[in-house]
$ cat work31.tsv   # TSV, C-alpha atoms
chain	number	residue	atom	x	y	z
A	1	MET	CA	0.00	0.00	0.00
A	2	THR	CA	1.32	3.45	-0.94
A	3	TYR	CA	-0.18	6.77	0.11
A	4	ARG	CA	1.30	10.04	-1.15
A	5	GLU	CA	0.37	13.64	-0.46
A	6	LEU	CA	1.41	16.42	-2.83
A	7	ALA	CA	1.35	20.14	-2.20
A	8	PRO	CA	-1.38	21.98	-4.13
A	9	PRO	CA	-0.55	24.65	-6.71
A	10	THR	CA	0.08	28.06	-5.14
A	11	GLY	CA	-3.26	29.43	-6.31
A	12	LEU	CA	-5.10	26.71	-4.41
A	13	LEU	CA	-3.25	26.89	-1.09
A	14	PRO	CA	-6.01	28.87	0.66
A	15	VAL	CA	-8.66	26.21	-0.06
A	16	VAL	CA	-6.80	22.93	-0.71
A	17	ALA	CA	-4.85	21.01	1.91
A	18	CYS	CA	-3.24	18.58	-0.54
A	19	LEU	CA	-3.53	16.46	-3.63
A	20	TRP	CA	-3.15	12.77	-2.92
A	21	GLU	CA	-2.76	9.32	-4.45
A	22	HIS	CA	-3.41	5.97	-2.81
A	23	ASP	CA	-2.62	2.58	-4.31
A	24	LEU	CA	-4.53	-0.16	-2.50
A	25	PRO	CA	-3.93	-3.90	-2.95
A	26	PRO	CA	-6.94	-6.10	-3.74
A	27	GLY	CA	-9.28	-6.63	-0.81
A	28	TYR	CA	-7.51	-4.10	1.43
A	29	GLU	CA	-9.58	-2.55	4.23
A	30	GLN	CA	-8.88	1.08	5.00
A	31	ARG	CA	-10.13	2.88	8.11
A	32	ILE	CA	-10.99	6.51	7.44
A	33	ILE	CA	-11.38	8.84	10.42
A	34	PRO	CA	-12.85	12.35	10.64
A	35	ASP	CA	-10.48	15.18	9.74
A	36	GLY	CA	-12.79	18.14	9.13
A	37	CYS	CA	-12.22	17.96	5.38
A	38	VAL	CA	-14.22	17.21	2.25
A	39	ASP	CA	-12.46	15.39	-0.60
A	40	LEU	CA	-13.11	15.08	-4.32
A	41	VAL	CA	-12.07	11.51	-5.10
A	42	ARG	CA	-11.73	9.35	-8.16
A	43	LEU	CA	-12.58	5.95	-6.72
A	44	GLU	CA	-12.70	2.84	-8.91
A	45	GLY	CA	-13.49	4.92	-11.96
A	46	GLU	CA	-16.18	7.07	-10.34
A	47	LEU	CA	-15.74	10.69	-9.30
A	48	VAL	CA	-17.32	11.34	-5.92
A	49	VAL	CA	-17.57	13.98	-3.23
A	50	VAL	CA	-16.60	12.50	0.13
A	51	GLY	CA	-18.33	14.59	2.75
A	52	ALA	CA	-16.98	15.41	6.20
A	53	ASP	CA	-17.28	12.29	8.35
A	54	THR	CA	-18.54	12.32	11.93
A	55	GLY	CA	-17.34	8.78	12.65
A	56	PRO	CA	-15.07	6.06	11.28
A	57	VAL	CA	-15.63	4.57	7.84
A	58	VAL	CA	-14.07	1.26	6.81
A	59	ALA	CA	-13.68	1.05	3.02
A	60	ARG	CA	-12.66	-2.10	1.17
A	61	SER	CA	-10.88	-2.12	-2.17
A	62	HIS	CA	-11.93	-4.37	-5.04
A	63	ASP	CA	-11.15	-8.04	-4.45
A	64	THR	CA	-9.69	-8.86	-7.85
A	65	ALA	CA	-7.50	-5.91	-8.81
A	66	ALA	CA	-5.43	-3.14	-7.31
A	67	SER	CA	-7.50	-0.03	-6.65
A	68	PRO	CA	-5.59	3.20	-7.34
A	69	THR	CA	-7.41	6.28	-6.09
A	70	SER	CA	-6.58	9.96	-6.31
A	71	GLY	CA	-8.16	13.03	-4.86
A	72	ILE	CA	-8.01	16.62	-3.76
A	73	ARG	CA	-8.64	17.50	-0.10
A	74	LEU	CA	-10.40	20.76	0.71
A	75	ARG	CA	-9.40	22.58	3.86
A	76	PRO	CA	-11.90	22.89	6.73
A	77	GLY	CA	-14.09	25.87	5.89
A	78	ALA	CA	-13.59	25.70	2.13
A	79	ALA	CA	-16.00	22.95	1.11
A	80	GLY	CA	-19.20	24.99	1.05
A	81	ALA	CA	-17.74	27.61	-1.27
A	82	VAL	CA	-15.99	25.12	-3.58
A	83	LEU	CA	-19.00	22.83	-3.90
A	84	GLY	CA	-21.51	25.67	-4.20
A	85	ILE	CA	-23.85	24.04	-1.66
A	86	PRO	CA	-23.91	23.86	2.15
A	87	ALA	CA	-21.30	21.28	3.08
A	88	SER	CA	-23.81	19.73	5.48
A	89	GLU	CA	-25.66	18.33	2.45
A	90	VAL	CA	-22.83	15.83	1.90
A	91	ARG	CA	-21.94	15.15	5.55
A	92	ASP	CA	-21.20	11.44	6.10
A	93	LEU	CA	-22.03	10.76	2.44
A	94	ARG	CA	-20.26	9.74	-0.77
A	95	VAL	CA	-22.07	11.61	-3.55
A	96	PRO	CA	-21.37	11.48	-7.31
A	97	LEU	CA	-19.77	14.76	-8.30
A	98	ALA	CA	-22.13	14.94	-11.28
A	99	ASP	CA	-25.01	15.37	-8.79
A	100	VAL	CA	-23.28	18.38	-7.24
A	101	TRP	CA	-21.77	19.88	-10.40
A	102	PRO	CA	-24.09	18.69	-13.22
A	103	ASP	CA	-22.49	21.14	-15.64
A	104	VAL	CA	-18.94	19.89	-14.98
A	105	GLY	CA	-19.01	16.45	-13.37
A	106	PRO	CA	-19.75	14.17	-16.38
A	107	ALA	CA	-17.16	15.78	-18.67
A	108	LEU	CA	-14.56	15.82	-15.90
A	109	ALA	CA	-15.16	12.13	-15.17
A	110	ASP	CA	-14.54	11.29	-18.83
A	111	ALA	CA	-11.37	13.40	-18.90
A	112	LEU	CA	-10.07	11.73	-15.74
A	113	SER	CA	-10.66	8.28	-17.21
A	114	ALA	CA	-8.49	9.15	-20.20
A	115	ALA	CA	-5.67	10.74	-18.15
A	116	ASP	CA	-2.66	9.16	-16.46
A	117	PRO	CA	-2.34	9.44	-12.65
A	118	SER	CA	-0.46	12.75	-12.62
A	119	GLY	CA	-2.82	14.13	-15.24
A	120	ARG	CA	-5.80	13.26	-13.06
A	121	LEU	CA	-4.45	15.30	-10.18
A	122	ASP	CA	-3.79	18.22	-12.50
A	123	LEU	CA	-7.33	18.03	-13.88
A	124	LEU	CA	-8.81	18.01	-10.39
A	125	ALA	CA	-6.67	20.96	-9.34
A	126	ARG	CA	-7.53	23.03	-12.41
A	127	THR	CA	-11.22	22.29	-11.98
A	128	VAL	CA	-11.21	23.50	-8.36
A	129	LEU	CA	-9.15	26.56	-9.33
A	130	ARG	CA	-11.78	27.56	-11.89
A	131	ARG	CA	-14.38	27.63	-9.12
A	132	ARG	CA	-12.64	30.77	-7.78
A	133	ALA	CA	-13.85	29.85	-4.31
A	134	GLU	CA	-12.67	31.45	-1.09
A	135	ARG	CA	-12.43	29.73	2.26
A	136	ASP	CA	-14.73	31.14	4.91
A	137	GLY	CA	-12.31	33.28	6.92
A	138	LEU	CA	-14.42	33.25	10.05
A	139	VAL	CA	-14.63	29.45	10.04
A	140	ALA	CA	-10.91	29.10	9.28
A	141	ALA	CA	-10.10	31.32	12.27
A	142	ALA	CA	-12.51	29.35	14.45
A	143	ALA	CA	-10.94	26.06	13.38
A	144	ARG	CA	-7.51	27.29	14.45
A	145	ARG	CA	-8.81	28.42	17.84
A	146	LEU	CA	-10.83	25.26	18.44
A	147	GLY	CA	-7.62	23.30	17.95
A	148	ALA	CA	-6.05	24.86	21.05
A	149	PRO	CA	-6.16	22.95	24.36
A	150	GLY	CA	-8.83	24.29	26.69
A	151	SER	CA	-10.73	26.17	24.00
A	152	ARG	CA	-14.47	26.70	24.41
A	153	ILE	CA	-16.98	27.48	21.68
A	154	SER	CA	-18.35	30.41	23.66
A	155	GLY	CA	-14.87	31.88	24.04
A	156	VAL	CA	-14.01	31.32	20.36
A	157	ALA	CA	-17.22	33.04	19.26
A	158	GLU	CA	-16.57	35.97	21.60
A	159	ASP	CA	-12.99	36.32	20.34
A	160	LEU	CA	-14.28	36.45	16.77
A	161	GLY	CA	-17.02	38.94	17.58
A	162	VAL	CA	-19.99	36.75	16.65
A	163	SER	CA	-22.70	34.85	18.47
A	164	GLU	CA	-22.42	31.10	19.05
A	165	ARG	CA	-25.47	30.62	16.85
A	166	HIS	CA	-23.91	32.57	13.99
A	167	LEU	CA	-20.64	30.64	14.32
A	168	HIS	CA	-22.55	27.36	14.30
A	169	ARG	CA	-24.46	28.24	11.14
A	170	ARG	CA	-21.35	29.37	9.28
A	171	THR	CA	-19.39	26.29	10.34
A	172	VAL	CA	-22.15	23.87	9.33
A	173	ASP	CA	-22.36	25.50	5.89
A	174	ALA	CA	-18.60	25.64	5.32
A	175	VAL	CA	-17.40	22.40	6.96
A	176	GLY	CA	-20.44	20.15	7.15
A	177	TYR	CA	-20.89	20.07	10.92
A	178	GLY	CA	-20.78	22.47	13.84
A	179	PRO	CA	-17.99	23.87	16.03
A	180	LYS	CA	-18.41	21.19	18.70
A	181	MET	CA	-17.66	18.37	16.26
A	182	LEU	CA	-14.88	20.40	14.65
A	183	GLY	CA	-13.29	20.85	18.07
A	184	ARG	CA	-13.48	17.12	18.77
A	185	VAL	CA	-11.77	16.37	15.47
A	186	ALA	CA	-9.09	18.99	16.15
A	187	ARG	CA	-8.41	17.43	19.57
A	188	LEU	CA	-8.08	13.96	18.03
A	189	ARG	CA	-5.59	15.29	15.48
A	190	ARG	CA	-3.66	16.98	18.28
A	191	LEU	CA	-3.51	13.64	20.11
A	192	ILE	CA	-2.15	11.92	17.01
A	193	GLY	CA	0.52	14.59	16.64
A	194	LEU	CA	1.56	14.24	20.27
A	195	SER	CA	1.68	10.46	20.03
A	196	VAL	CA	4.01	10.12	17.04
A	197	GLY	CA	7.25	8.81	18.51
A	198	ALA	CA	6.07	9.65	22.03
A	199	SER	CA	7.26	7.78	25.11
A	200	SER	CA	4.87	9.48	27.56
A	201	SER	CA	1.89	7.65	29.03
A	202	LEU	CA	-1.61	7.74	27.59
A	203	ALA	CA	-2.75	9.80	30.58
A	204	GLU	CA	-0.06	12.41	29.93
A	205	ARG	CA	-0.90	12.57	26.24
A	206	ALA	CA	-4.61	12.87	27.04
A	207	THR	CA	-3.94	15.90	29.24
A	208	ALA	CA	-1.61	17.52	26.72
A	209	ALA	CA	-4.16	17.04	23.92
A	210	GLY	CA	-6.86	18.75	25.96
A	211	TYR	CA	-8.99	15.85	27.18
A	212	ALA	CA	-10.51	16.06	30.65
A	213	SER	CA	-9.08	12.66	31.57
A	214	GLN	CA	-7.73	9.45	30.08
A	215	ALA	CA	-11.23	7.99	30.26
A	216	HIS	CA	-12.57	10.97	28.29
A	217	MET	CA	-9.88	10.43	25.68
A	218	SER	CA	-10.66	6.71	25.44
A	219	ASP	CA	-14.35	7.40	24.91
A	220	GLU	CA	-13.69	10.03	22.24
A	221	VAL	CA	-11.15	7.91	20.38
A	222	ARG	CA	-13.59	4.99	20.29
A	223	ARG	CA	-16.40	7.21	18.99
A	224	LEU	CA	-14.30	8.84	16.27
A	225	THR	CA	-12.17	5.87	15.18
A	226	GLY	CA	-13.93	2.71	16.32
A	227	LEU	CA	-10.74	1.55	18.06
A	228	THR	CA	-9.16	1.70	21.48
A	229	PRO	CA	-6.55	4.43	21.95
A	230	VAL	CA	-3.73	1.87	22.19
A	231	ARG	CA	-4.76	0.16	18.97
A	232	PHE	CA	-5.49	3.38	17.11
A	233	LEU	CA	-2.27	5.14	18.09
A	234	GLU	CA	-0.08	2.16	17.12
A	235	ASP	CA	0.03	3.33	13.49
A	236	ALA	CA	-1.92	6.61	13.44
A	237	ALA	CA	-0.40	9.32	11.27
A	238	LEU	CA	-1.46	12.90	10.61
A	239	THR	CA	-2.71	13.64	7.12
A	240	ALA	CA	-2.92	17.09	5.60
A	241	ALA	CA	-5.99	19.08	6.60
$ encode --input "work31.tsv" --output "structure tokens"
Amino acid sequence: MTYRELAPPTGLLPVVACLWEHDLPPGYEQRIIPDGCVDLVRLEGELVVVGADTGPVVARSHDTAASPTSGIRLRPGAAGAVLGIPASEVRDLRVPLADVWPDVGPALADALSAADPSGRLDLLARTVLRRRAERDGLVAAAARRLGAPGSRISGVAEDLGVSERHLHRRTVDAVGYGPKMLGRVARLRRLIGLSVGASSSLAERATAAGYASQAHMSDEVRRLTGLTPVRFLEDAALTAA
């Protein structure tokens, strides 16, 4: 199995976290965990929008042949503008891109089928660039603040000069779910980052990541990944977001 992330073109840096390729062997099971992002993915010949997940998804590649996939990952807060619909409409879903972009999706799918792997990534990048979308600045700022240990939604909203209700509405439209879920995802990603090569105990990492206790961390990790912390952190790695 090979997974590669590539930096997006300069013009896409504000809205795209990375371009990526993933070569899966036949019958391989892949666990996908929430990261606050929406991806446009060419999966087994079909172009789909992968909405922001609120829990783990276990995907299985085709049994008889290798399953190369490629995609473009939108930053948290960019999906609503890039897609042209509230990102909540694709939350926890895999939706054909042609249903979201009926004027572009079918032709793009045909072009991707005829292109080589690097050409597919270039086509995806150029298509997103033509959308001329801008990431929601308020949501981007909230996402950064929610990623800090000890952050509270009320405090983040106050710092940004908006009501909690307004922040919730903007986040749901731009990300796919509200600030509370975005904060949970940010805390999980912080835990992964702290755990790479770490020798400290789970309790120490739980505190550093911002969990109330090791038990709180265990519960959250199970909910978001479907695994125990020990099992999940054995081979967890941060992906671009």
$ axis_aligned_box --input "work31.tsv" --around "region 82-98 of chain A" --padding-each-side "5 Å" --output "JSON"
{"center_x": -20.8, "center_y": 17.7, "center_z": -2.6, "size_x": 19.7, "size_y": 25.9, "size_z": 27.4}
$ atom_distance --input "work31.tsv" --atom1 "CA of Leu43 (chain A)" --atom2 "CA of Asp110 (chain A)"
13.4 Å
$ residues_around --input "work31.tsv" --residues "Arg222 (chain A)" --least-positions-apart "2" --cutoff "12 Å" --atoms "all atoms listed in the file" --output "VMD selection string"
chain A and resid 33 55 to 56 188 215 to 220 224 to 233
$ closest_residue --input "work31.tsv" --among "A:Ala141, A:Ala78, A:Leu191, A:Ala107" --to "Gly210 (chain A)" --atoms "all atoms listed in the file"
A:Leu191
$ residues_around --input "work31.tsv" --residues "Ile85 (chain A)" --least-positions-apart "6" --cutoff "9 Å" --atoms "only C-alpha atoms" --output "list in words"
Ala79, Val100, Asp173 and Ala174 of chain A
$ closest_residue --input "work31.tsv" --among "A:Arg223, A:Arg152, A:Arg73, A:Arg189" --to "Leu13 (chain A)" --atoms "only C-alpha atoms"
A:Arg73
$ residues_near_point --input "work31.tsv" --point "(-5.5, 13.6, -14.6)" --cutoff "12 Å" --atoms "all atoms listed in the file" --output "MDAnalysis selection string"
chainID A and resid 19:21 41:42 47 69:72 108:127
$ write_last_selection --input "work31.tsv" --atoms "C-alpha atoms" --output "compact mmCIF listing (two decimals), keeping the file's coordinate frame"
# COMPACT_ATOMS: atom_id res chain seq x y z
CA LEU A 19 -3.53 16.46 -3.63
CA TRP A 20 -3.15 12.77 -2.92
CA GLU A 21 -2.76 9.32 -4.45
CA VAL A 41 -12.07 11.51 -5.10
CA ARG A 42 -11.73 9.35 -8.16
CA LEU A 47 -15.74 10.69 -9.30
CA THR A 69 -7.41 6.28 -6.09
CA SER A 70 -6.58 9.96 -6.31
CA GLY A 71 -8.16 13.03 -4.86
CA ILE A 72 -8.01 16.62 -3.76
CA LEU A 108 -14.56 15.82 -15.90
CA ALA A 109 -15.16 12.13 -15.17
CA ASP A 110 -14.54 11.29 -18.83
CA ALA A 111 -11.37 13.40 -18.90
CA LEU A 112 -10.07 11.73 -15.74
CA SER A 113 -10.66 8.28 -17.21
CA ALA A 114 -8.49 9.15 -20.20
CA ALA A 115 -5.67 10.74 -18.15
CA ASP A 116 -2.66 9.16 -16.46
CA PRO A 117 -2.34 9.44 -12.65
CA SER A 118 -0.46 12.75 -12.62
CA GLY A 119 -2.82 14.13 -15.24
CA ARG A 120 -5.80 13.26 -13.06
CA LEU A 121 -4.45 15.30 -10.18
CA ASP A 122 -3.79 18.22 -12.50
CA LEU A 123 -7.33 18.03 -13.88
CA LEU A 124 -8.81 18.01 -10.39
CA ALA A 125 -6.67 20.96 -9.34
CA ARG A 126 -7.53 23.03 -12.41
CA THR A 127 -11.22 22.29 -11.98
$ decode --input "work31.tsv" --residues "region 80-104 of chain A" --atoms "N, CA and C atoms" --output "PDB file, in the first residue's frame"
ATOM      1  N   GLY A  80     -17.947  24.373   1.467  1.00  0.00           N
ATOM      2  CA  GLY A  80     -19.202  24.994   1.047  1.00  0.00           C
ATOM      3  C   GLY A  80     -19.027  25.877  -0.170  1.00  0.00           C
ATOM      4  N   ALA A  81     -17.977  26.693  -0.161  1.00  0.00           N
ATOM      5  CA  ALA A  81     -17.739  27.613  -1.274  1.00  0.00           C
ATOM      6  C   ALA A  81     -17.317  26.866  -2.534  1.00  0.00           C
ATOM      7  N   VAL A  82     -16.450  25.861  -2.409  1.00  0.00           N
ATOM      8  CA  VAL A  82     -15.986  25.118  -3.577  1.00  0.00           C
ATOM      9  C   VAL A  82     -17.133  24.321  -4.200  1.00  0.00           C
ATOM     10  N   LEU A  83     -17.920  23.657  -3.374  1.00  0.00           N
ATOM     11  CA  LEU A  83     -19.004  22.833  -3.897  1.00  0.00           C
ATOM     12  C   LEU A  83     -20.174  23.666  -4.401  1.00  0.00           C
ATOM     13  N   GLY A  84     -20.381  24.842  -3.804  1.00  0.00           N
ATOM     14  CA  GLY A  84     -21.511  25.671  -4.200  1.00  0.00           C
ATOM     15  C   GLY A  84     -22.799  25.272  -3.503  1.00  0.00           C
ATOM     16  N   ILE A  85     -22.710  24.451  -2.464  1.00  0.00           N
ATOM     17  CA  ILE A  85     -23.854  24.039  -1.659  1.00  0.00           C
ATOM     18  C   ILE A  85     -23.403  23.996  -0.206  1.00  0.00           C
ATOM     19  N   PRO A  86     -24.328  24.041   0.747  1.00  0.00           N
ATOM     20  CA  PRO A  86     -23.913  23.859   2.146  1.00  0.00           C
ATOM     21  C   PRO A  86     -23.218  22.512   2.311  1.00  0.00           C
ATOM     22  N   ALA A  87     -22.064  22.517   2.937  1.00  0.00           N
ATOM     23  CA  ALA A  87     -21.303  21.281   3.076  1.00  0.00           C
ATOM     24  C   ALA A  87     -22.046  20.236   3.905  1.00  0.00           C
ATOM     25  N   SER A  88     -23.015  20.678   4.694  1.00  0.00           N
ATOM     26  CA  SER A  88     -23.806  19.732   5.482  1.00  0.00           C
ATOM     27  C   SER A  88     -24.621  18.791   4.598  1.00  0.00           C
ATOM     28  N   GLU A  89     -24.873  19.175   3.347  1.00  0.00           N
ATOM     29  CA  GLU A  89     -25.662  18.331   2.449  1.00  0.00           C
ATOM     30  C   GLU A  89     -24.913  17.061   2.041  1.00  0.00           C
ATOM     31  N   VAL A  90     -23.600  17.037   2.233  1.00  0.00           N
ATOM     32  CA  VAL A  90     -22.833  15.831   1.899  1.00  0.00           C
ATOM     33  C   VAL A  90     -22.175  15.218   3.134  1.00  0.00           C
ATOM     34  N   ARG A  91     -22.528  15.692   4.316  1.00  0.00           N
ATOM     35  CA  ARG A  91     -21.943  15.154   5.551  1.00  0.00           C
ATOM     36  C   ARG A  91     -22.201  13.651   5.650  1.00  0.00           C
ATOM     37  N   ASP A  92     -21.132  12.907   5.938  1.00  0.00           N
ATOM     38  CA  ASP A  92     -21.195  11.444   6.099  1.00  0.00           C
ATOM     39  C   ASP A  92     -21.662  10.720   4.834  1.00  0.00           C
ATOM     40  N   LEU A  93     -21.560  11.363   3.687  1.00  0.00           N
ATOM     41  CA  LEU A  93     -22.028  10.760   2.444  1.00  0.00           C
ATOM     42  C   LEU A  93     -20.906  10.685   1.416  1.00  0.00           C
ATOM     43  N   ARG A  94     -21.084   9.795   0.429  1.00  0.00           N
ATOM     44  CA  ARG A  94     -20.260   9.744  -0.771  1.00  0.00           C
ATOM     45  C   ARG A  94     -21.215   9.993  -1.933  1.00  0.00           C
ATOM     46  N   VAL A  95     -21.101  11.156  -2.562  1.00  0.00           N
ATOM     47  CA  VAL A  95     -22.070  11.614  -3.551  1.00  0.00           C
ATOM     48  C   VAL A  95     -21.390  11.778  -4.912  1.00  0.00           C
ATOM     49  N   PRO A  96     -21.963  11.251  -5.994  1.00  0.00           N
ATOM     50  CA  PRO A  96     -21.369  11.477  -7.314  1.00  0.00           C
ATOM     51  C   PRO A  96     -21.201  12.973  -7.585  1.00  0.00           C
ATOM     52  N   LEU A  97     -20.024  13.348  -8.051  1.00  0.00           N
ATOM     53  CA  LEU A  97     -19.766  14.763  -8.302  1.00  0.00           C
ATOM     54  C   LEU A  97     -20.735  15.327  -9.340  1.00  0.00           C
ATOM     55  N   ALA A  98     -21.183  14.487 -10.264  1.00  0.00           N
ATOM     56  CA  ALA A  98     -22.129  14.940 -11.279  1.00  0.00           C
ATOM     57  C   ALA A  98     -23.437  15.427 -10.662  1.00  0.00           C
ATOM     58  N   ASP A  99     -23.793  14.910  -9.469  1.00  0.00           N
ATOM     59  CA  ASP A  99     -25.008  15.369  -8.793  1.00  0.00           C
ATOM     60  C   ASP A  99     -24.818  16.753  -8.190  1.00  0.00           C
ATOM     61  N   VAL A 100     -23.571  17.084  -7.841  1.00  0.00           N
ATOM     62  CA  VAL A 100     -23.279  18.381  -7.235  1.00  0.00           C
ATOM     63  C   VAL A 100     -22.940  19.416  -8.297  1.00  0.00           C
ATOM     64  N   TRP A 101     -22.152  19.004  -9.288  1.00  0.00           N
ATOM     65  CA  TRP A 101     -21.774  19.875 -10.404  1.00  0.00           C
ATOM     66  C   TRP A 101     -22.288  19.265 -11.715  1.00  0.00           C
ATOM     67  N   PRO A 102     -23.566  19.325 -12.000  1.00  0.00           N
ATOM     68  CA  PRO A 102     -24.093  18.686 -13.215  1.00  0.00           C
ATOM     69  C   PRO A 102     -23.531  19.271 -14.504  1.00  0.00           C
ATOM     70  N   ASP A 103     -23.039  20.508 -14.435  1.00  0.00           N
ATOM     71  CA  ASP A 103     -22.490  21.144 -15.640  1.00  0.00           C
ATOM     72  C   ASP A 103     -21.027  20.782 -15.874  1.00  0.00           C
ATOM     73  N   VAL A 104     -20.376  20.179 -14.888  1.00  0.00           N
ATOM     74  CA  VAL A 104     -18.944  19.888 -14.980  1.00  0.00           C
ATOM     75  C   VAL A 104     -18.641  18.405 -14.761  1.00  0.00           C
TER      76      VAL A 104
END
